[in-house]
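Here is the structure we will look at.
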Amino acid sequence: GRLQKAERLVRHYLRQHPKDVEGMRLLAWIGNELDVLTDAEFLLESCIEFAPDYDQARFDLANLLLKMQKFERAHSQCQQLLDRDPENLAYQALLANAAAGIGDHHNAIELYREVLERSPRQNQLQVMLGHAYKTIGETDEAIAAYRAAYALKPDYGDAYWSLANLKNYRFTERELAAMRRHEAEEGVDPDDRIHLCFALGKALEDRESWEASFRYYERGNDLKHEQVRHRPTHLNIRTRAQIEVCTRSLFEERRGAGCPAPDPIFIVGMPRAGSTLLEQILASHSRVTGTYELPHIIALAHRLRGSDRLFEAKGEDPRYPRILAELDGDYFRRFGEQYLEDTRLYRHGAEFFIDKNPNNFLHVGLIKLILPNAKIIDARRHPLSCCFSGFKQLFGQGQEFSYGLRTIGNYYREYVELMDHWDEVLPGEVLRVQYEDVVDDLEQQVRRVLAFCELDFEPACLDFHRTERSVRTPSSEQVRQPIYRSGLEAWQPFEEWLDPLKEALGPEVRARYGIDDPANRRATWTLYD
């Protein structure tokens with residue numbers, strides 16, 4: 001477990017044996033464990049270049065590419081492995097994961113089922129099969145797969161959480177008792193315990209057992225927080241850097257430097273703020289394709305940051321976004337063109353497409369520099385609704401700030417401050433859409449969004465729940481239903497335990513949303529728009 005020392009030893013060895021593929025693969029594994037994914041990717045690609053038949057290195061690379069959400073390249077690597085060994089079940093299962101990643105869910109389902117027919121006792125594959133069914137809206141099949149998973153492994157927390165994450169699933173008394181029993185057992189795998197806690201929180205919330213529900217959510221968050229690496233000070237450094245570097249004068253100096261294509265519509269904001277609903281509305285338009293939470297902008301930001309990974313610990317300014325003021329203007333055009341090329345796989349020939357990665361709010365400046373004609377929508381939700389919904393959510397990956405009331409409140413405060421900055425330096429370039437306003441007056445807000453995107457009104461956008469498409473996010477089942485109000489104030493039964501969240505939001509956000517004045521909460525939601 002002493003990975004830093006292991007890294008030094010392997011690097012010393014590779015300096016003397018620079019083409020040793022086993023050493024490269026080991027160093028790549030260490031890089032993966034330390035979350036230095038770009039370095040690990042380079043090492044594994046070098047392995048394959050020196051030893052094209054080294055299937056284990058190619059298998060590692062395919063898994064790494066999936067982790068990095070480079071699904072098309074992962075799919076290519078998996079296909080090469082299967083071409084060499086068509087009967088290998090591990091390769092077939094990996095190809096299924098890659099197929100799901102590129103949106104080929106029907107083929108992924110076929111592959112999962114083929115593997116399970118030959119090797120039926122794989123609880124993890126049952127969950128992956130359930131996810132694929134859920135994504136295409138086959139809820140009954142998803143439930144059957146999740147239940148099959150916990151039948152194979154009775155304490156398999158991911159199976160129970162996957163059922164809870166359908167949002168409209170209601171656990172039986174027998175399932176509830178089993179979850180409680182397994183969560184309390186000694187020796188349960190920590191990940192299973194975390195998943196069980198979140199699932200129990202949802203099950204008890206549905207039964208209106210508010211305090212018991214909150215305690216399980218709290219326990220799950222506390223356990224998950226111990227595993228993640230989120231540091232609020234790092235977020236603050238990045239936010240301050242964006243505000244200091246991305247000034248109005250920077251955008252005026254770089255005017256016209258990027259790629260002029262108007263194709264992308266970015267939906268940014270906090271997770272659980274209604275971005276999937278806005279995507280579903282827009283994707284119901286004949287000229288727009290909905291994609292996924294694409295990783296490409298964040299990957300570009302990481303690339304610009306380079307190897308300067310430890311700036312926070314050193315107290316130094318980060319290389320990105322500082323480098324935006326130093327690059328030649330031609331770089332921005334090439335970055336924009338590369339983004340369009342890299343996302344073409346997901347677009348299915350539509351004139352416009354949606355990139356709804358919420359964390360892109362940190363990179364609005366970068367987006368407007370490389371794609372000045374792209375549309376950006378800020379999906380905003382009342383802070384208590386949004387943050388508590390995030391606190392209840394166990395995310396598949398990322399969103400490490402969400403595992404604690406104080407950390408998620410702090411993140412929301414930083415998000416609001418940075419979005420205010422973008423409004424100041426890029427006036428009129430970001431449309432703010434309040435989730436509560438969409439629920440209150442769907443047609444007005446739909447027309448407002450379409451007008452901002454320079455799209456004609458189409459009635460299908462009001463009937464968004466009838467649009468058939470793949471939806472991967474936790475809101476997948478919710479956006480297949482008409483607008484409903486029941487989730488607007490789901491935090492209120494838990495309010496007596498939310499003081500750490502309110503404190504972390506800070507006085508300015510509390511005042512903006514009337515949080516300290518309950519009678520004024522609803523009235524202030526749209527005052528600043």
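Numbering starts fresh at 1 for the residues of each chain in the structure tokens, the chains themselves are lettered A, B, ... in the order given, and ligands are numbered from 1 as they appear.
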Check your understanding: What lies within 9 Å of A:Glu337 using only C-alpha atoms, ignoring chain neighbours under 5 positions off, as JSON, numbers by chain?
Key -> {"A": [258, 259, 261, 332, 342, 370, 371]}
Output all heavy atoms of each residue in that selection to a file, as a CSV table (one decimal), in the first residue's frame.
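Okay, this is what ended up in selection27.csv:
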chain,number,residue,atom,x,y,z
A,258,GLY,N,-11.9,31.6,-31.4
A,258,GLY,CA,-12.3,30.2,-31.3
A,258,GLY,C,-13.0,29.7,-32.6
A,258,GLY,O,-13.0,30.4,-33.6
A,259,CYS,N,-13.5,28.5,-32.5
A,259,CYS,CA,-14.2,27.8,-33.6
A,259,CYS,C,-15.6,28.4,-33.6
A,259,CYS,O,-16.3,28.4,-32.6
A,259,CYS,CB,-14.2,26.3,-33.4
A,259,CYS,SG,-15.3,25.5,-34.6
A,261,ALA,N,-18.4,27.4,-34.9
A,261,ALA,CA,-19.6,26.5,-35.0
A,261,ALA,C,-20.6,26.7,-33.8
A,261,ALA,O,-20.1,26.8,-32.7
A,261,ALA,CB,-19.1,25.1,-35.1
A,332,PHE,N,-7.2,28.2,-29.6
A,332,PHE,CA,-8.6,28.1,-29.2
A,332,PHE,C,-9.5,27.6,-30.4
A,332,PHE,O,-10.4,26.8,-30.1
A,332,PHE,CB,-9.1,29.5,-28.8
A,332,PHE,CG,-8.4,30.0,-27.6
A,332,PHE,CD1,-7.6,31.2,-27.6
A,332,PHE,CD2,-8.4,29.3,-26.4
A,332,PHE,CE1,-6.9,31.6,-26.5
A,332,PHE,CE2,-7.7,29.8,-25.2
A,332,PHE,CZ,-7.0,31.0,-25.3
A,342,ASP,N,-14.3,15.1,-31.6
A,342,ASP,CA,-14.4,14.1,-30.6
A,342,ASP,C,-15.8,13.7,-30.1
A,342,ASP,O,-16.0,12.6,-29.7
A,342,ASP,CB,-13.5,14.5,-29.4
A,342,ASP,CG,-12.0,14.6,-29.7
A,342,ASP,OD1,-11.6,14.0,-30.7
A,342,ASP,OD2,-11.3,15.2,-28.9
A,370,ILE,N,-13.2,28.7,-26.8
A,370,ILE,CA,-13.0,27.8,-27.9
A,370,ILE,C,-14.2,27.7,-28.8
A,370,ILE,O,-14.1,27.3,-30.0
A,370,ILE,CB,-12.5,26.4,-27.4
A,370,ILE,CG1,-13.7,25.7,-26.6
A,370,ILE,CG2,-11.3,26.5,-26.5
A,370,ILE,CD1,-13.4,24.3,-26.3
A,371,LEU,N,-15.4,28.0,-28.3
A,371,LEU,CA,-16.6,27.8,-29.0
A,371,LEU,C,-17.5,29.1,-28.7
A,371,LEU,O,-18.5,29.0,-28.0
A,371,LEU,CB,-17.4,26.6,-28.6
A,371,LEU,CG,-16.7,25.2,-29.0
A,371,LEU,CD1,-17.2,24.1,-28.2
A,371,LEU,CD2,-16.9,25.0,-30.5
What's around stretch 221-226 of chain A at 7 Å? Count only C-alpha atoms, leave out sequence neighbours fewer than 4 positions away in its own chain, and write the answer as a PDB file with N, CA and C atoms, in the first residue's frame.
ATOM      1  N   ILE A 194     -21.889   1.121   2.368  1.00  0.00           N
ATOM      2  CA  ILE A 194     -22.252   2.462   1.898  1.00  0.00           C
ATOM      3  C   ILE A 194     -23.494   2.401   1.019  1.00  0.00           C
ATOM      4  N   TYR A 217     -28.831   8.103   5.590  1.00  0.00           N
ATOM      5  CA  TYR A 217     -28.160   8.972   4.620  1.00  0.00           C
ATOM      6  C   TYR A 217     -26.875   9.543   5.221  1.00  0.00           C
ATOM      7  N   TYR A 403     -20.612  14.461  -0.447  1.00  0.00           N
ATOM      8  CA  TYR A 403     -20.734  13.543   0.679  1.00  0.00           C
ATOM      9  C   TYR A 403     -20.511  14.243   2.018  1.00  0.00           C
ATOM     10  N   GLY A 404     -21.399  15.163   2.291  1.00  0.00           N
ATOM     11  CA  GLY A 404     -21.365  15.906   3.540  1.00  0.00           C
ATOM     12  C   GLY A 404     -22.160  17.184   3.383  1.00  0.00           C
TER      13      GLY A 404
END
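Closest to A:Ile281 among A:Val438, A:Ala164, A:Leu200, A:Leu462 is A:Leu462, based on only C-alpha atoms.
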**Study point:** In stretch 150-199 of chain A, DSSP alpha helix (DSSP H) residues written as number ranges by chain
**Key:** A: 150-152, 157-164, 173-184, 190-199
Go ahead and write the residues just picked, N, CA and C atoms, as an mmCIF file, in the first residue's frame.
data_model
loop_
_atom_site.group_PDB
_atom_site.id
_atom_site.type_symbol
_atom_site.label_atom_id
_atom_site.label_comp_id
_atom_site.auth_asym_id
_atom_site.auth_seq_id
_atom_site.Cartn_x
_atom_site.Cartn_y
_atom_site.Cartn_z
ATOM 1 N N TYR A 150 -28.866 -9.372 -6.189
ATOM 2 C CA TYR A 150 -28.799 -9.591 -4.737
ATOM 3 C C TYR A 150 -29.188 -11.017 -4.371
ATOM 4 N N ALA A 151 -29.856 -11.729 -5.271
ATOM 5 C CA ALA A 151 -30.101 -13.148 -5.027
ATOM 6 C C ALA A 151 -28.791 -13.933 -5.071
ATOM 7 N N LEU A 152 -27.872 -13.507 -5.928
ATOM 8 C CA LEU A 152 -26.565 -14.148 -6.015
ATOM 9 C C LEU A 152 -25.668 -13.766 -4.843
ATOM 10 N N GLY A 157 -24.708 -4.477 -1.833
ATOM 11 C CA GLY A 157 -25.320 -3.165 -1.659
ATOM 12 C C GLY A 157 -25.656 -2.471 -2.957
ATOM 13 N N ASP A 158 -24.831 -2.643 -3.997
ATOM 14 C CA ASP A 158 -25.071 -1.953 -5.260
ATOM 15 C C ASP A 158 -26.395 -2.373 -5.878
ATOM 16 N N ALA A 159 -26.796 -3.616 -5.688
ATOM 17 C CA ALA A 159 -28.077 -4.074 -6.236
ATOM 18 C C ALA A 159 -29.233 -3.349 -5.559
ATOM 19 N N TYR A 160 -29.174 -3.234 -4.240
ATOM 20 C CA TYR A 160 -30.244 -2.533 -3.516
ATOM 21 C C TYR A 160 -30.248 -1.038 -3.853
ATOM 22 N N TRP A 161 -29.051 -0.430 -3.925
ATOM 23 C CA TRP A 161 -29.015 0.992 -4.261
ATOM 24 C C TRP A 161 -29.510 1.229 -5.682
ATOM 25 N N SER A 162 -29.210 0.317 -6.590
ATOM 26 C CA SER A 162 -29.686 0.474 -7.967
ATOM 27 C C SER A 162 -31.205 0.454 -8.018
ATOM 28 N N LEU A 163 -31.826 -0.363 -7.195
ATOM 29 C CA LEU A 163 -33.286 -0.349 -7.101
ATOM 30 C C LEU A 163 -33.772 0.982 -6.531
ATOM 31 N N ALA A 164 -33.115 1.441 -5.471
ATOM 32 C CA ALA A 164 -33.504 2.726 -4.880
ATOM 33 C C ALA A 164 -33.312 3.866 -5.871
ATOM 34 N N GLU A 173 -41.253 -5.189 2.433
ATOM 35 C CA GLU A 173 -40.844 -5.316 3.833
ATOM 36 C C GLU A 173 -39.711 -6.325 3.975
ATOM 37 N N ARG A 174 -39.763 -7.370 3.168
ATOM 38 C CA ARG A 174 -38.713 -8.389 3.222
ATOM 39 C C ARG A 174 -37.373 -7.796 2.774
ATOM 40 N N GLU A 175 -37.401 -7.003 1.709
ATOM 41 C CA GLU A 175 -36.167 -6.367 1.251
ATOM 42 C C GLU A 175 -35.632 -5.386 2.290
ATOM 43 N N LEU A 176 -36.530 -4.617 2.895
ATOM 44 C CA LEU A 176 -36.116 -3.653 3.911
ATOM 45 C C LEU A 176 -35.447 -4.360 5.086
ATOM 46 N N ALA A 177 -36.048 -5.457 5.540
ATOM 47 C CA ALA A 177 -35.463 -6.206 6.654
ATOM 48 C C ALA A 177 -34.092 -6.769 6.272
ATOM 49 N N ALA A 178 -33.965 -7.264 5.052
ATOM 50 C CA ALA A 178 -32.681 -7.821 4.606
ATOM 51 C C ALA A 178 -31.615 -6.732 4.559
ATOM 52 N N MET A 179 -31.967 -5.557 4.057
ATOM 53 C CA MET A 179 -30.987 -4.465 3.994
ATOM 54 C C MET A 179 -30.528 -4.067 5.383
ATOM 55 N N ARG A 180 -31.463 -3.958 6.302
ATOM 56 C CA ARG A 180 -31.091 -3.574 7.667
ATOM 57 C C ARG A 180 -30.185 -4.633 8.295
ATOM 58 N N ARG A 181 -30.519 -5.882 8.055
ATOM 59 C CA ARG A 181 -29.727 -6.959 8.650
ATOM 60 C C ARG A 181 -28.304 -6.962 8.105
ATOM 61 N N HIS A 182 -28.174 -6.855 6.794
ATOM 62 C CA HIS A 182 -26.841 -6.906 6.193
ATOM 63 C C HIS A 182 -26.017 -5.674 6.543
ATOM 64 N N GLU A 183 -26.648 -4.501 6.611
ATOM 65 C CA GLU A 183 -25.901 -3.290 6.938
ATOM 66 C C GLU A 183 -25.334 -3.362 8.351
ATOM 67 N N ALA A 184 -26.029 -4.041 9.249
ATOM 68 C CA ALA A 184 -25.598 -4.124 10.653
ATOM 69 C C ALA A 184 -24.567 -5.221 10.891
ATOM 70 N N PRO A 190 -16.957 -2.554 2.898
ATOM 71 C CA PRO A 190 -17.294 -1.132 3.089
ATOM 72 C C PRO A 190 -18.149 -0.546 1.970
ATOM 73 N N ASP A 191 -17.863 -0.912 0.713
ATOM 74 C CA ASP A 191 -18.676 -0.386 -0.389
ATOM 75 C C ASP A 191 -20.109 -0.900 -0.313
ATOM 76 N N ASP A 192 -20.270 -2.170 0.059
ATOM 77 C CA ASP A 192 -21.624 -2.701 0.220
ATOM 78 C C ASP A 192 -22.361 -1.959 1.332
ATOM 79 N N ARG A 193 -21.662 -1.676 2.424
ATOM 80 C CA ARG A 193 -22.308 -0.976 3.536
ATOM 81 C C ARG A 193 -22.756 0.431 3.116
ATOM 82 N N ILE A 194 -21.889 1.121 2.368
ATOM 83 C CA ILE A 194 -22.252 2.462 1.898
ATOM 84 C C ILE A 194 -23.494 2.401 1.019
ATOM 85 N N HIS A 195 -23.516 1.481 0.060
ATOM 86 C CA HIS A 195 -24.672 1.362 -0.833
ATOM 87 C C HIS A 195 -25.937 1.005 -0.052
ATOM 88 N N LEU A 196 -25.795 0.126 0.922
ATOM 89 C CA LEU A 196 -26.956 -0.251 1.733
ATOM 90 C C LEU A 196 -27.480 0.938 2.529
ATOM 91 N N CYS A 197 -26.594 1.761 3.056
ATOM 92 C CA CYS A 197 -27.032 2.936 3.820
ATOM 93 C C CYS A 197 -27.849 3.889 2.948
ATOM 94 N N PHE A 198 -27.372 4.176 1.752
ATOM 95 C CA PHE A 198 -28.117 5.070 0.861
ATOM 96 C C PHE A 198 -29.451 4.448 0.448
ATOM 97 N N ALA A 199 -29.453 3.156 0.192
ATOM 98 C CA ALA A 199 -30.707 2.490 -0.178
ATOM 99 C C ALA A 199 -31.697 2.505 0.988
#
Point to revise | Residue contacts of A:Gly329 (12 Å, only C-alpha atoms) excluding same-chain residues fewer than 5 positions away, as a ChimeraX atom specification | key: /A:250-251,253-259,323-324,334-336,369-370
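Distance-wise, atom CA of A:Asp423 and atom CA of A:Ala374 end up 15.4 Å apart.
Comparing the minimum interatomic distances between A:Leu498 and each of A:Gln434, A:Met270, A:Arg380, A:Glu218, counting only C-alpha atoms, we find that A:Glu218 sits nearest.
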So which residues touch A:Ile298 within 10 Å, counting only C-alpha atoms, skipping near sequence neighbours fewer than 2 positions away, as an mmCIF file with C-alpha atoms, in the first residue's frame?
data_model
loop_
_atom_site.group_PDB
_atom_site.id
_atom_site.type_symbol
_atom_site.label_atom_id
_atom_site.label_comp_id
_atom_site.auth_asym_id
_atom_site.auth_seq_id
_atom_site.Cartn_x
_atom_site.Cartn_y
_atom_site.Cartn_z
ATOM 1 C CA LEU A 294 -19.612 14.369 -21.874
ATOM 2 C CA PRO A 295 -16.098 14.491 -20.351
ATOM 3 C CA HIS A 296 -14.348 16.390 -23.143
ATOM 4 C CA LEU A 300 -9.227 19.611 -22.024
ATOM 5 C CA ALA A 301 -8.949 21.521 -18.753
ATOM 6 C CA HIS A 302 -6.874 18.669 -17.291
ATOM 7 C CA ARG A 303 -4.700 18.735 -20.385
ATOM 8 C CA LEU A 304 -4.119 22.468 -20.025
ATOM 9 C CA ASN A 357 -21.925 17.760 -17.799
ATOM 10 C CA ASN A 359 -19.243 20.455 -13.683
ATOM 11 C CA ASN A 360 -18.575 22.457 -16.839
ATOM 12 C CA LEU A 362 -16.134 25.762 -13.745
ATOM 13 C CA HIS A 363 -15.065 26.068 -17.386
ATOM 14 C CA LEU A 366 -12.837 28.036 -21.605
#
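For the pair atom CA of A:Asp516 and atom CA of A:Ile408, the interatomic distance is 18.4 Å.
Within the 9 Å cut-off around A:Glu429, using only C-alpha atoms and omitting residues fewer than 3 positions from it on the same chain, the listed residues are A:Lys368, A:Ala374, A:Lys375, A:Ile376, A:Ile377, A:Trp422, A:Asp423, A:Leu426.
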Check your understanding: Hey, what's within 10 Å of A:Gln397 if we count only C-alpha atoms and toss same-chain stuff fewer than 3 positions away? As a ChimeraX atom specification, please?
Key -> /A:67,394,400
Next, dump the selected residues to file, keeping only N, CA, C and O atoms, as an mmCIF file, in the first residue's frame.
data_model
loop_
_atom_site.group_PDB
_atom_site.id
_atom_site.type_symbol
_atom_site.label_atom_id
_atom_site.label_comp_id
_atom_site.auth_asym_id
_atom_site.auth_seq_id
_atom_site.Cartn_x
_atom_site.Cartn_y
_atom_site.Cartn_z
ATOM 1 N N LYS A 67 -12.812 4.091 -17.632
ATOM 2 C CA LYS A 67 -12.795 4.947 -16.436
ATOM 3 C C LYS A 67 -12.677 6.415 -16.820
ATOM 4 O O LYS A 67 -13.268 7.291 -16.179
ATOM 5 N N LEU A 394 -25.986 8.706 -4.123
ATOM 6 C CA LEU A 394 -24.688 8.045 -4.216
ATOM 7 C C LEU A 394 -24.325 7.994 -5.695
ATOM 8 O O LEU A 394 -24.898 7.226 -6.462
ATOM 9 N N GLU A 400 -17.444 14.347 -5.672
ATOM 10 C CA GLU A 400 -16.954 13.981 -4.344
ATOM 11 C C GLU A 400 -17.313 15.020 -3.286
ATOM 12 O O GLU A 400 -17.256 14.728 -2.093
#
Exercise for review: Mind the document's chain letters and residue numbers, and return as a count of residues only the residues of stretch 238-433 of chain A that DSSP labels strand (DSSP E or B).
Suggested key: 23
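When the distance limit is 7 Å and only C-alpha atoms are what count, the residues near stretch 14-29 of chain A, minus those fewer than 6 positions from it on the same chain, are Glu7, Ala40, Leu43, Leu44, Cys47 and Ala57 of chain A.
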Selected residues written out with N, CA, C and O atoms, as a PDB file, in the first residue's frame:
ATOM      1  N   GLU A   7       6.088   3.934  -6.651  1.00  0.00           N
ATOM      2  CA  GLU A   7       6.246   4.720  -7.874  1.00  0.00           C
ATOM      3  C   GLU A   7       7.706   5.114  -8.084  1.00  0.00           C
ATOM      4  O   GLU A   7       8.252   4.999  -9.188  1.00  0.00           O
ATOM      5  N   ALA A  40      -1.005   7.165 -16.799  1.00  0.00           N
ATOM      6  CA  ALA A  40      -1.251   5.723 -16.911  1.00  0.00           C
ATOM      7  C   ALA A  40      -1.631   5.351 -18.341  1.00  0.00           C
ATOM      8  O   ALA A  40      -1.185   4.324 -18.877  1.00  0.00           O
ATOM      9  N   LEU A  43       1.475   5.273 -20.522  1.00  0.00           N
ATOM     10  CA  LEU A  43       2.310   4.106 -20.246  1.00  0.00           C
ATOM     11  C   LEU A  43       1.736   2.847 -20.885  1.00  0.00           C
ATOM     12  O   LEU A  43       2.468   2.043 -21.481  1.00  0.00           O
ATOM     13  N   LEU A  44       0.432   2.656 -20.787  1.00  0.00           N
ATOM     14  CA  LEU A  44      -0.176   1.453 -21.362  1.00  0.00           C
ATOM     15  C   LEU A  44      -0.140   1.493 -22.892  1.00  0.00           C
ATOM     16  O   LEU A  44       0.039   0.457 -23.538  1.00  0.00           O
ATOM     17  N   CYS A  47       3.243   0.395 -23.741  1.00  0.00           N
ATOM     18  CA  CYS A  47       3.328  -1.065 -23.602  1.00  0.00           C
ATOM     19  C   CYS A  47       2.902  -1.756 -24.894  1.00  0.00           C
ATOM     20  O   CYS A  47       3.588  -2.640 -25.413  1.00  0.00           O
ATOM     21  N   ALA A  57      -1.970  -5.938 -21.077  1.00  0.00           N
ATOM     22  CA  ALA A  57      -1.794  -4.478 -21.114  1.00  0.00           C
ATOM     23  C   ALA A  57      -2.930  -3.830 -21.899  1.00  0.00           C
ATOM     24  O   ALA A  57      -3.434  -2.771 -21.515  1.00  0.00           O
TER      25      ALA A  57
END
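With distances restricted to only C-alpha atoms, A:Leu282 is the closest residue to A:Glu458 from A:Ala144, A:Leu418, A:Leu282, A:Ile297.
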